[in-house]
$ cat data02.txt   # compact mmCIF, C-alpha atoms and all ligand atoms
# COMPACT_ATOMS: atom_id res chain seq x y z
CA VAL A 508 20.34 -0.31 82.55
CA VAL A 509 22.54 2.62 81.51
CA ARG A 510 21.87 5.96 83.14
CA LEU A 511 22.64 9.08 81.12
CA PRO A 512 22.98 11.91 83.64
CA GLY A 513 22.34 15.33 82.13
CA LEU A 514 20.19 16.40 79.20
CA THR A 515 19.88 13.88 76.37
CA LEU A 516 19.26 15.40 72.95
CA PRO A 517 18.63 13.79 69.56
CA GLY A 518 21.74 13.37 67.39
CA LEU A 519 23.30 16.57 66.08
CA ALA A 520 23.71 16.81 62.29
CA ASN A 521 26.69 18.64 60.82
CA ALA A 522 25.21 19.51 57.44
CA HIS A 523 28.32 21.08 55.91
CA SER A 524 31.84 19.71 56.27
CA HIS A 525 35.08 19.67 54.34
CA ALA A 526 36.99 17.22 56.53
CA PHE A 527 40.45 18.13 55.26
CA HIS A 528 40.06 21.80 56.23
CA ARG A 529 40.65 20.62 59.82
CA ALA A 530 44.36 20.76 58.96
CA LEU A 531 44.12 24.57 58.87
CA ARG A 532 42.92 24.98 62.44
CA GLY A 533 45.38 26.85 64.61
CA ARG A 534 47.44 27.75 61.56
CA ALA A 535 45.36 29.85 59.18
CA GLN A 536 43.32 31.82 61.72
CA ALA A 537 45.71 34.67 62.53
CA GLY A 538 46.99 37.47 60.36
CA PRO A 539 45.48 39.74 57.73
CA GLY A 540 43.61 38.77 54.57
CA SER A 541 40.19 37.60 53.45
CA PHE A 542 38.32 34.51 52.29
CA TRP A 543 40.45 34.61 49.14
CA THR A 544 43.83 34.59 50.93
CA TRP A 545 42.59 31.83 53.28
CA ARG A 546 41.67 29.83 50.18
CA GLU A 547 45.33 29.78 49.12
CA ALA A 548 46.26 28.13 52.45
CA MET A 549 43.45 25.62 51.94
CA TYR A 550 44.75 24.79 48.46
CA GLY A 551 48.15 24.07 50.07
CA VAL A 552 46.57 21.37 52.25
CA ALA A 553 44.51 20.00 49.35
CA GLY A 554 47.72 19.57 47.36
CA SER A 555 49.33 17.48 50.09
CA LEU A 556 46.77 14.70 50.48
CA ASP A 557 46.64 11.20 49.04
CA PRO A 558 43.94 8.63 49.85
CA GLU A 559 45.81 7.22 52.88
CA ARG A 560 46.55 10.61 54.45
CA TYR A 561 43.07 11.83 53.62
CA PHE A 562 41.60 8.78 55.36
CA ARG A 563 43.62 9.37 58.56
CA LEU A 564 42.82 13.10 58.67
CA ALA A 565 39.11 12.53 57.98
CA ARG A 566 38.87 9.73 60.55
CA ALA A 567 40.33 11.94 63.26
CA THR A 568 38.12 14.86 62.22
CA PHE A 569 34.97 12.73 62.23
CA ALA A 570 36.01 11.31 65.64
CA GLU A 571 36.25 14.90 66.92
CA MET A 572 32.72 15.39 65.57
CA ALA A 573 31.46 12.30 67.41
CA LEU A 574 32.98 13.65 70.63
CA ALA A 575 30.98 16.84 70.02
CA GLY A 576 27.71 14.89 69.70
CA ILE A 577 27.56 14.92 65.90
CA THR A 578 25.91 11.71 64.78
CA CYS A 579 25.60 12.50 61.07
CA VAL A 580 27.84 14.51 58.74
CA GLY A 581 27.33 15.91 55.25
CA GLU A 582 30.74 15.80 53.60
CA PHE A 583 30.89 18.26 50.71
CA HIS A 584 33.57 16.30 48.89
CA TYR A 585 35.48 17.82 45.99
CA LEU A 586 39.06 16.51 46.35
CA HIS A 587 38.58 13.76 43.80
CA HIS A 588 41.72 13.21 41.75
CA GLY A 589 45.51 12.83 41.90
CA PRO A 590 47.94 15.76 42.15
CA ASP A 591 48.02 16.48 38.40
CA GLY A 592 44.25 16.14 38.05
CA ARG A 593 44.42 12.64 36.61
CA PRO A 594 42.04 10.14 38.22
CA TYR A 595 43.50 7.53 40.55
CA ASP A 596 43.49 3.92 39.26
CA ASP A 597 40.38 3.60 41.37
CA PRO A 598 38.64 6.89 40.50
CA THR A 599 36.60 6.69 43.72
CA ALA A 600 39.66 6.25 45.97
CA MET A 601 39.32 9.62 47.71
CA ALA A 602 35.55 9.34 48.24
CA GLY A 603 36.07 5.79 49.48
CA ALA A 604 38.64 7.06 51.99
CA VAL A 605 36.15 9.59 53.37
CA VAL A 606 33.35 7.03 53.70
CA ALA A 607 35.68 4.52 55.38
CA ALA A 608 36.86 7.25 57.77
CA ALA A 609 33.31 8.05 58.85
CA ARG A 610 32.52 4.39 59.30
CA GLU A 611 35.45 3.94 61.71
CA ALA A 612 34.83 7.21 63.55
CA GLY A 613 31.10 6.69 64.06
CA PRO A 614 28.97 9.42 62.46
CA ARG A 615 26.69 8.40 59.60
CA ILE A 616 27.69 10.14 56.41
CA THR A 617 26.00 11.72 53.43
CA LEU A 618 28.69 12.00 50.79
CA LEU A 619 27.89 15.08 48.74
CA ASP A 620 29.94 14.27 45.66
CA THR A 621 30.77 17.63 44.17
CA LEU A 622 30.74 18.86 40.59
CA TYR A 623 33.55 21.39 39.97
CA LEU A 624 34.27 22.48 36.40
CA THR A 625 35.61 26.04 36.24
CA SER A 626 37.76 28.41 38.28
CA THR A 627 35.64 31.54 37.72
CA VAL A 628 32.05 32.52 36.90
CA ASP A 629 33.35 33.41 33.43
CA GLY A 630 34.40 29.81 32.79
CA GLY A 631 38.13 30.07 33.51
CA ALA A 632 40.01 26.76 33.27
CA LEU A 633 41.01 24.92 36.43
CA ALA A 634 44.68 25.43 37.26
CA GLY A 635 47.14 24.12 39.84
CA VAL A 636 45.59 22.19 42.70
CA GLN A 637 42.07 22.95 41.43
CA ARG A 638 42.67 20.28 38.79
CA ARG A 639 42.25 17.73 41.57
CA PHE A 640 38.65 18.92 42.06
CA GLY A 641 37.48 18.80 38.46
CA ASP A 642 35.77 16.28 36.27
CA ALA A 643 35.85 17.50 32.68
CA THR A 644 32.09 17.32 32.09
CA VAL A 645 28.84 16.71 33.94
CA SER A 646 28.61 13.25 32.41
CA ALA A 647 32.18 12.34 33.50
CA TRP A 648 31.27 13.49 37.02
CA ALA A 649 28.02 11.48 36.94
CA GLN A 650 29.87 8.42 35.71
CA ARG A 651 32.47 8.58 38.50
CA ARG A 652 29.77 9.27 41.09
CA GLY A 653 27.82 6.28 39.77
CA ARG A 654 30.79 4.02 40.51
CA LEU A 655 30.65 4.76 44.23
CA ASP A 656 29.70 1.66 46.14
CA PRO A 657 29.42 3.01 49.66
CA GLY A 658 27.65 0.10 51.32
CA PRO A 659 24.81 0.30 53.84
CA GLY A 660 24.21 3.28 56.08
CA VAL A 661 25.59 5.86 53.64
CA VAL A 662 23.65 8.35 51.52
CA VAL A 663 25.33 9.42 48.29
CA GLY A 664 24.15 12.93 47.55
CA ALA A 665 25.42 15.50 45.10
CA ALA A 666 26.76 19.02 45.17
CA ALA A 667 27.42 21.82 42.73
CA HIS A 668 30.41 23.61 44.22
CA SER A 669 29.15 27.15 43.47
CA VAL A 670 28.21 29.35 40.54
CA ARG A 671 31.94 30.08 40.31
CA ALA A 672 32.73 26.45 39.59
CA VAL A 673 29.61 25.28 37.74
CA PRO A 674 28.28 27.15 34.66
CA ALA A 675 24.53 27.62 34.16
CA ASP A 676 24.11 24.83 31.58
CA ALA A 677 25.90 22.39 33.89
CA LEU A 678 23.73 23.43 36.85
CA ALA A 679 20.68 22.58 34.77
CA ALA A 680 22.19 19.27 33.66
CA LEU A 681 22.94 18.36 37.27
CA ALA A 682 19.41 19.28 38.32
CA ALA A 683 18.03 17.02 35.59
CA THR A 684 20.17 13.98 36.43
CA VAL A 685 20.12 13.88 40.24
CA ASP A 686 17.46 13.19 42.79
CA GLY A 687 18.11 13.15 46.52
CA PRO A 688 20.08 15.75 48.44
CA VAL A 689 21.91 18.43 46.43
CA HIS A 690 24.03 21.06 48.19
CA VAL A 691 25.56 24.21 46.74
CA HIS A 692 27.67 27.07 48.16
CA LEU A 693 25.61 30.23 47.62
CA SER A 694 26.58 33.91 47.86
CA GLU A 695 29.29 33.45 50.47
CA GLN A 696 31.15 36.50 49.15
CA PRO A 697 29.98 39.75 47.48
CA ALA A 698 32.54 39.18 44.70
CA GLU A 699 30.65 36.03 43.66
CA ASN A 700 27.40 38.01 43.39
CA GLU A 701 29.07 40.73 41.32
CA ALA A 702 30.68 38.25 38.91
CA CYS A 703 27.35 36.43 38.51
CA GLN A 704 25.54 39.71 37.73
CA ARG A 705 28.17 40.54 35.08
CA ARG A 706 28.05 37.10 33.46
CA TYR A 707 24.35 36.22 33.72
CA GLY A 708 22.58 39.46 34.67
CA CYS A 709 21.15 37.91 37.81
CA SER A 710 22.09 36.85 41.34
CA PRO A 711 23.41 33.36 42.15
CA THR A 712 20.06 32.52 43.81
CA GLU A 713 18.18 33.56 40.64
CA LEU A 714 20.60 31.48 38.57
CA LEU A 715 19.90 28.40 40.70
CA ALA A 716 16.16 29.02 40.27
CA ARG A 717 16.51 29.33 36.48
CA SER A 718 18.53 26.11 36.43
CA GLY A 719 15.84 24.13 38.24
CA LEU A 720 17.98 23.65 41.32
CA LEU A 721 15.93 25.65 43.81
CA ARG A 722 13.63 22.87 44.96
CA PRO A 723 12.94 20.59 47.92
CA GLY A 724 16.02 18.47 48.59
CA THR A 725 18.39 21.32 47.77
CA THR A 726 20.45 22.98 50.49
CA ALA A 727 22.05 26.37 49.88
CA VAL A 728 25.15 26.72 52.03
CA HIS A 729 26.02 30.11 53.59
CA ALA A 730 23.43 32.28 51.75
CA THR A 731 25.16 35.25 53.35
CA HIS A 732 24.73 38.08 50.82
CA LEU A 733 21.13 37.88 49.63
CA SER A 734 18.64 40.40 48.23
CA THR A 735 14.99 40.53 49.26
CA VAL A 736 14.13 38.82 45.97
CA ASP A 737 16.64 36.04 46.73
CA ILE A 738 15.06 35.46 50.15
CA GLU A 739 11.57 35.28 48.61
CA LEU A 740 12.79 32.84 45.95
CA LEU A 741 14.36 30.58 48.57
CA GLY A 742 11.25 30.80 50.73
CA SER A 743 8.91 29.68 47.98
CA SER A 744 11.19 26.89 46.71
CA GLY A 745 11.16 24.30 49.48
CA ALA A 746 14.96 24.49 49.62
CA CYS A 747 16.86 24.61 52.90
CA VAL A 748 19.71 26.91 53.96
CA CYS A 749 22.76 25.73 55.90
CA LEU A 750 24.49 28.46 57.88
CA CYS A 751 28.04 27.96 59.15
CA PRO A 752 28.44 30.81 61.64
CA THR A 753 31.83 29.89 63.12
CA THR A 754 33.39 29.61 59.67
CA GLU A 755 31.60 32.69 58.33
CA ARG A 756 33.04 34.76 61.16
CA ASP A 757 36.49 33.16 60.83
CA LEU A 758 36.62 33.96 57.11
CA ALA A 759 35.14 37.46 57.47
CA ASP A 760 32.26 36.41 55.20
CA GLY A 761 29.56 38.42 56.94
CA ILE A 762 26.30 37.63 58.76
CA GLY A 763 23.56 35.95 56.75
CA PRO A 764 19.87 36.96 57.02
CA ALA A 765 18.88 33.97 59.15
CA ARG A 766 15.68 35.35 60.68
CA ALA A 767 14.46 36.77 57.37
CA LEU A 768 15.03 33.38 55.73
CA ALA A 769 13.19 31.56 58.51
CA ASP A 770 10.31 34.07 58.28
CA ALA A 771 10.13 33.39 54.53
CA GLY A 772 9.65 29.68 55.31
CA VAL A 773 13.19 28.39 54.73
CA PRO A 774 14.26 25.56 57.06
CA LEU A 775 17.67 26.38 58.57
CA CYS A 776 20.39 23.88 59.41
CA LEU A 777 24.00 24.20 60.56
CA GLY A 778 27.50 23.15 59.55
CA SER A 779 31.04 23.54 60.84
CA ASP A 780 32.37 23.84 57.26
CA SER A 781 36.09 24.69 57.64
CA HIS A 782 36.27 23.27 61.18
CA ALA A 783 37.90 26.31 62.74
CA VAL A 784 35.53 25.09 65.49
CA ILE A 785 33.70 21.75 65.69
CA ASP A 786 30.85 22.40 68.08
CA LEU A 787 27.24 22.32 66.86
CA LEU A 788 26.01 23.89 70.11
CA GLU A 789 28.27 26.85 69.38
CA GLU A 790 26.91 27.02 65.80
CA ALA A 791 23.34 26.96 67.19
CA ARG A 792 23.84 29.82 69.64
CA ALA A 793 25.83 31.79 67.03
CA LEU A 794 22.71 31.80 64.85
CA GLU A 795 20.91 33.79 67.55
CA LEU A 796 23.89 35.82 68.75
CA ASN A 797 24.79 36.97 65.22
CA GLU A 798 21.18 38.10 64.80
CA ARG A 799 21.49 40.11 68.01
CA LEU A 800 24.62 41.86 66.73
CA ALA A 801 22.99 42.65 63.41
CA SER A 802 19.50 43.61 64.67
CA LEU A 803 20.21 45.04 68.15
CA GLU A 804 17.41 42.78 69.44
CA ARG A 805 17.45 39.67 71.63
CA GLY A 806 15.29 36.58 71.30
CA ARG A 807 15.26 36.39 67.51
CA PHE A 808 15.15 32.58 67.69
CA THR A 809 13.73 30.34 70.41
CA THR A 810 15.96 27.65 71.92
CA GLY A 811 13.60 25.15 70.27
CA GLU A 812 14.27 26.65 66.83
CA LEU A 813 18.03 26.57 67.46
CA LEU A 814 17.94 22.92 68.55
CA THR A 815 15.78 22.00 65.54
CA ALA A 816 18.41 23.56 63.25
CA ALA A 817 21.12 21.48 64.93
CA THR A 818 19.16 18.21 64.81
CA LEU A 819 16.03 17.55 62.72
CA ALA A 820 16.60 20.13 59.96
CA GLY A 821 20.19 19.01 59.41
CA HIS A 822 19.18 15.36 59.10
CA ARG A 823 16.44 16.26 56.61
CA SER A 824 18.93 18.25 54.55
CA LEU A 825 21.21 15.20 54.44
CA GLY A 826 18.53 12.70 53.45
CA TRP A 827 17.90 11.10 56.86
CA PRO A 828 14.27 12.01 57.66
CA ASP A 829 14.09 9.27 60.30
CA ALA A 830 16.76 10.91 62.50
CA GLY A 831 17.12 14.04 64.59
CA ARG A 832 14.26 13.50 67.04
CA LEU A 833 13.64 11.33 70.07
CA ALA A 834 10.64 9.22 69.12
CA VAL A 835 9.54 5.63 68.83
CA GLY A 836 10.64 4.41 65.40
CA ALA A 837 13.29 7.09 64.93
CA ARG A 838 16.98 6.23 64.76
CA ALA A 839 18.60 5.66 68.14
CA ASP A 840 20.91 8.65 68.15
CA LEU A 841 21.38 10.02 71.67
CA VAL A 842 23.63 12.87 72.75
CA THR A 843 23.99 13.52 76.46
CA VAL A 844 25.11 16.96 77.64
CA ARG A 845 26.22 17.22 81.26
CA LEU A 846 24.49 19.82 83.36
CA ASP A 847 26.92 19.66 86.28
CA SER A 848 30.04 21.08 84.66
CA VAL A 849 31.54 24.42 85.59
CA ARG A 850 29.94 25.82 82.42
CA THR A 851 26.46 24.39 82.79
CA ALA A 852 25.81 24.01 86.55
CA GLY A 853 22.85 26.01 87.81
CA GLY A 854 21.20 26.60 84.45
CA ALA A 855 17.82 25.55 83.08
CA PRO A 856 18.55 22.45 80.94
CA ASP A 857 17.52 23.72 77.50
CA ILE A 858 18.98 27.20 77.96
CA ALA A 859 22.21 25.82 79.43
CA ALA A 860 22.56 23.32 76.57
CA VAL A 861 22.21 26.02 73.90
CA TYR A 862 23.85 29.04 75.54
CA SER A 863 26.40 27.64 78.01
CA ALA A 864 27.43 24.13 77.00
CA GLY A 865 29.97 23.19 74.41
CA ALA A 866 31.46 20.11 72.83
CA ALA A 867 33.44 19.47 76.04
CA ASP A 868 30.15 18.93 77.91
CA VAL A 869 29.06 16.04 75.67
CA THR A 870 29.58 12.89 77.73
CA HIS A 871 27.76 10.07 75.93
CA VAL A 872 26.98 9.61 72.25
CA VAL A 873 24.96 6.75 70.82
CA ILE A 874 24.71 6.45 67.02
CA ASP A 875 22.20 4.01 65.56
CA GLY A 876 22.10 2.26 68.93
CA ARG A 877 25.90 1.90 69.13
CA VAL A 878 27.84 3.62 71.92
CA VAL A 879 30.53 5.73 70.21
CA VAL A 880 31.44 8.08 73.07
CA ARG A 881 31.39 7.03 76.72
CA ASP A 882 32.23 9.39 79.60
CA GLY A 883 33.62 11.91 77.13
CA ARG A 884 35.96 9.39 75.47
CA HIS A 885 35.70 8.01 71.95
CA THR A 886 35.49 4.23 72.12
CA ALA A 887 37.63 3.58 69.00
CA VAL A 888 39.74 6.58 67.96
CA ASP A 889 42.16 8.77 69.96
CA ALA A 890 41.34 11.86 67.90
CA ALA A 891 43.81 14.22 69.58
CA ALA A 892 46.75 11.82 69.23
CA GLU A 893 45.82 11.07 65.62
CA LEU A 894 45.60 14.75 64.73
CA ALA A 895 48.93 15.48 66.41
CA ALA A 896 50.53 12.64 64.43
CA ILE A 897 49.08 13.71 61.07
CA LEU A 898 49.63 17.43 61.60
CA PRO A 899 53.09 17.82 63.17
CA ARG A 900 53.98 21.35 64.23
ZN ZN A 1001 32.02 24.90 52.31
$ encode --input "data02.txt" --output "structure tokens" --more "lines below"
Ligand SMILES: [Zn+2]
Amino acid sequence: VVRLPGLTLPGLANAHSHAFHRALRGRAQAGPGSFWTWREAMYGVAGSLDPERYFRLARATFAEMALAGITCVGEFHYLHHGPDGRPYDDPTAMAGAVVAAAREAGPRITLLDTLYLTSTVDGGALAGVQRRFGDATVSAWAQRRGRLDPGPGVVVGAAAHSVRAVPADALAALAATVDGPVHVHLSEQPAENEACQRRYGCSPTELLARSGLLRPGTTAVHATHLSTVDIELLGSSGACVCLCPTTERDLADGIGPARALADAGVPLCLGSDSHAVIDLLEEARALELNERLASLERGRFTTGELLTAATLAGHRSLGWPDAGRLAVGARADLVTVRLDSVRTAGGAPDIAAVYSAGAADVTHVVIDGRVVVRDGRHTAVDAAAELAAILPR
């Protein structure tokens, strides 16, 4: 008999991750700039990785996720090719590294293999490090993706990077060739909306709808700068929205219309995206606290809604409908949050878990019946030591 003192939740799903962005934490957060200047720093890291280094960085990052109670991750993977844009001898080497990293670190993975064709909405050619992200055509991307042999316990999904990186005809081609989970960055920045209006005469959300991509199984990531029409379109489509509040605040993206989306019928899930923070409980409470800042009202979401976003909705977005709830027949993912820490002592369990606890209060994590974290320690990976070794000061 194993006792799990505290509050045991279903597994937390991190529905939007770029594992290699973890290298930017504690480096790219200070100083002036915007999303676009941050992106230059991110390209610097992307240029420095090969499959071996990518594997080590991703394994440590996924281990940090396991320590935070994340039992499933959606890796939005676009760093496909060698430094000059030429495929590796094994064209799936980078994707394979990410899948192997997750397998060693514990969380189940949905690999969202990403289509990335252009540098601007107007169809600018990929240049510099962006060449590592690009397959020349939709069919070349589909062919490489088809070669992935991830083994059991992995979902291979798809992603269109954004309307910046995927032209309308390619969005439609992707929609026609893929079933299963499809993720896409949507309206993270006003500049993307403006460029889309100039090129196509519509918003990015309307472009996805025209392309056949707004449908059940699709997850729109960020959805920060939306019109009323966009929100209605998303609400009637069956698509899900993944908000990434800690990244959106770090990158000065803005606050997305979370309550309006939920009221329109859009399921909401959560991701740590750039990994400025890896803490799904923090993402969950940020959903409500951002709403309070924007609306000047409290209680916009119930704790139940916030926990559903962090668990069940994220798993559904990633193609794991049998996870994210504690029930007979569901996957044995268990996340225990201590209620006797200096942060959580004295609180009601559900309120303390959402509003007071953090990743440091996660003591035990079981993934598919396997103990991955015991007494706050990862059973296989020393994530802090690994990160310090890979990312020397
Ligand atoms: Zn992202």
$ closest_residue --input "data02.txt" --among "A:Leu733, A:Ala866, A:Val728, A:Val508" --to "ligand ZN 1001 (chain A)" --atoms "only C-alpha atoms and all ligand atoms"
A:Val728
$ closest_residue --input "data02.txt" --among "A:Tyr550, A:Tyr561, A:Phe542, A:Phe583" --to "ligand ZN 1001 (chain A)" --atoms "all atoms listed in the file"
A:Phe583
$ residues_near_ligand --input "data02.txt" --ligand "ligand ZN 1001 (chain A)" --cutoff "8 Å" --atoms "all atoms listed in the file" --output "ChimeraX atom specification"
/A:523-525,583,692,728,780-781
$ closest_atom_pairs --input "data02.txt" --of "segment 753-793 of chain A" --to "segment 565-575 of chain A" --cutoff "9 Å" --atoms "only C-alpha atoms" --output "Markdown table"
| residue | atom | partner | partner_atom | distance |
| --- | --- | --- | --- | --- |
| A:His782 | CA | A:Thr568 | CA | 8.7 |
| A:Ile785 | CA | A:Met572 | CA | 6.4 |
| A:Asp786 | CA | A:Ala575 | CA | 5.9 |
| A:Leu787 | CA | A:Ala575 | CA | 7.3 |
| A:Leu788 | CA | A:Ala575 | CA | 8.6 |
$ closest_residue --input "data02.txt" --among "A:Ala860, A:Leu556, A:Cys579, A:Ala730" --to "Ala604 of chain A" --atoms "all atoms listed in the file"
A:Leu556
$ residues_around --input "data02.txt" --residues "Leu758 of chain A" --least-positions-apart "3" --cutoff "12 Å" --atoms "all atoms listed in the file" --output "number ranges by chain"
A: 535-546, 549, 695-696, 729, 751-755, 761-762, 780-783
$ atom_distance --input "data02.txt" --atom1 "atom CA of Ala791 of chain A" --atom2 "atom CA of Ala727 of chain A"
17.4 Å
$ closest_residue --input "data02.txt" --among "A:Pro594, A:Ala816, A:Ala834, A:Thr870" --to "Ser848 of chain A" --atoms "all atoms listed in the file"
A:Thr870
$ residues_near_point --input "data02.txt" --point "(18.2, 28.8, 38.7)" --cutoff "12 Å" --atoms "all atoms listed in the file" --output "MDAnalysis selection string"
chainID A and resid 670 673:682 691 693 703 707 709:722 725 737 740:741 744
$ build_atoms --input "data02.txt" --residues "segment 797-816 of chain A" --atoms "N, CA, C and O atoms" --output "mmCIF file, keeping the file's coordinate frame"
data_model
loop_
_atom_site.group_PDB
_atom_site.id
_atom_site.type_symbol
_atom_site.label_atom_id
_atom_site.label_comp_id
_atom_site.auth_asym_id
_atom_site.auth_seq_id
_atom_site.Cartn_x
_atom_site.Cartn_y
_atom_site.Cartn_z
ATOM 1 N N ASN A 797 24.521 36.132 66.401
ATOM 2 C CA ASN A 797 24.790 36.970 65.220
ATOM 3 C C ASN A 797 23.604 37.873 64.908
ATOM 4 O O ASN A 797 23.766 39.036 64.543
ATOM 5 N N GLU A 798 22.393 37.300 65.033
ATOM 6 C CA GLU A 798 21.180 38.100 64.800
ATOM 7 C C GLU A 798 21.121 39.271 65.771
ATOM 8 O O GLU A 798 20.721 40.376 65.405
ATOM 9 N N ARG A 799 21.524 39.027 67.016
ATOM 10 C CA ARG A 799 21.490 40.110 68.010
ATOM 11 C C ARG A 799 22.451 41.226 67.612
ATOM 12 O O ARG A 799 22.118 42.411 67.722
ATOM 13 N N LEU A 800 23.648 40.845 67.141
ATOM 14 C CA LEU A 800 24.620 41.860 66.730
ATOM 15 C C LEU A 800 24.099 42.662 65.545
ATOM 16 O O LEU A 800 24.304 43.869 65.466
ATOM 17 N N ALA A 801 23.433 41.970 64.622
ATOM 18 C CA ALA A 801 22.990 42.650 63.410
ATOM 19 C C ALA A 801 21.714 43.456 63.622
ATOM 20 O O ALA A 801 21.512 44.484 62.980
ATOM 21 N N SER A 802 20.829 42.991 64.539
ATOM 22 C CA SER A 802 19.500 43.610 64.670
ATOM 23 C C SER A 802 19.354 44.477 65.918
ATOM 24 O O SER A 802 18.368 45.220 66.035
ATOM 25 N N LEU A 803 20.300 44.351 66.855
ATOM 26 C CA LEU A 803 20.210 45.040 68.150
ATOM 27 C C LEU A 803 18.975 44.600 68.943
ATOM 28 O O LEU A 803 18.422 45.366 69.728
ATOM 29 N N GLU A 804 18.541 43.349 68.699
ATOM 30 C CA GLU A 804 17.410 42.780 69.440
ATOM 31 C C GLU A 804 17.781 41.403 69.934
ATOM 32 O O GLU A 804 18.506 40.681 69.257
ATOM 33 N N ARG A 805 17.235 41.018 71.106
ATOM 34 C CA ARG A 805 17.450 39.670 71.630
ATOM 35 C C ARG A 805 16.227 38.807 71.307
ATOM 36 O O ARG A 805 15.182 39.311 70.943
ATOM 37 N N GLY A 806 16.410 37.490 71.460
ATOM 38 C CA GLY A 806 15.290 36.580 71.300
ATOM 39 C C GLY A 806 14.765 36.491 69.883
ATOM 40 O O GLY A 806 13.567 36.384 69.645
ATOM 41 N N ARG A 807 15.661 36.495 68.929
ATOM 42 C CA ARG A 807 15.260 36.390 67.510
ATOM 43 C C ARG A 807 14.877 34.951 67.178
ATOM 44 O O ARG A 807 14.086 34.712 66.274
ATOM 45 N N PHE A 808 15.505 33.987 67.844
ATOM 46 C CA PHE A 808 15.150 32.580 67.690
ATOM 47 C C PHE A 808 14.878 31.991 69.071
ATOM 48 O O PHE A 808 15.544 32.345 70.041
ATOM 49 N N THR A 809 13.935 31.060 69.160
ATOM 50 C CA THR A 809 13.730 30.340 70.410
ATOM 51 C C THR A 809 14.790 29.244 70.529
ATOM 52 O O THR A 809 15.385 28.831 69.522
ATOM 53 N N THR A 810 15.005 28.760 71.755
ATOM 54 C CA THR A 810 15.960 27.650 71.920
ATOM 55 C C THR A 810 15.461 26.432 71.134
ATOM 56 O O THR A 810 16.272 25.671 70.607
ATOM 57 N N GLY A 811 14.149 26.268 71.052
ATOM 58 C CA GLY A 811 13.600 25.150 70.270
ATOM 59 C C GLY A 811 13.978 25.257 68.798
ATOM 60 O O GLY A 811 14.360 24.272 68.163
ATOM 61 N N GLU A 812 13.887 26.463 68.240
ATOM 62 C CA GLU A 812 14.270 26.650 66.830
ATOM 63 C C GLU A 812 15.759 26.361 66.630
ATOM 64 O O GLU A 812 16.158 25.758 65.618
ATOM 65 N N LEU A 813 16.582 26.782 67.594
ATOM 66 C CA LEU A 813 18.030 26.570 67.460
ATOM 67 C C LEU A 813 18.361 25.081 67.534
ATOM 68 O O LEU A 813 19.188 24.574 66.770
ATOM 69 N N LEU A 814 17.688 24.363 68.439
ATOM 70 C CA LEU A 814 17.940 22.920 68.550
ATOM 71 C C LEU A 814 17.409 22.170 67.324
ATOM 72 O O LEU A 814 18.017 21.198 66.872
ATOM 73 N N THR A 815 16.290 22.638 66.767
ATOM 74 C CA THR A 815 15.780 22.000 65.540
ATOM 75 C C THR A 815 16.780 22.163 64.400
ATOM 76 O O THR A 815 17.021 21.232 63.617
ATOM 77 N N ALA A 816 17.401 23.354 64.303
ATOM 78 C CA ALA A 816 18.410 23.560 63.250
ATOM 79 C C ALA A 816 19.573 22.593 63.419
ATOM 80 O O ALA A 816 20.107 22.068 62.428
#
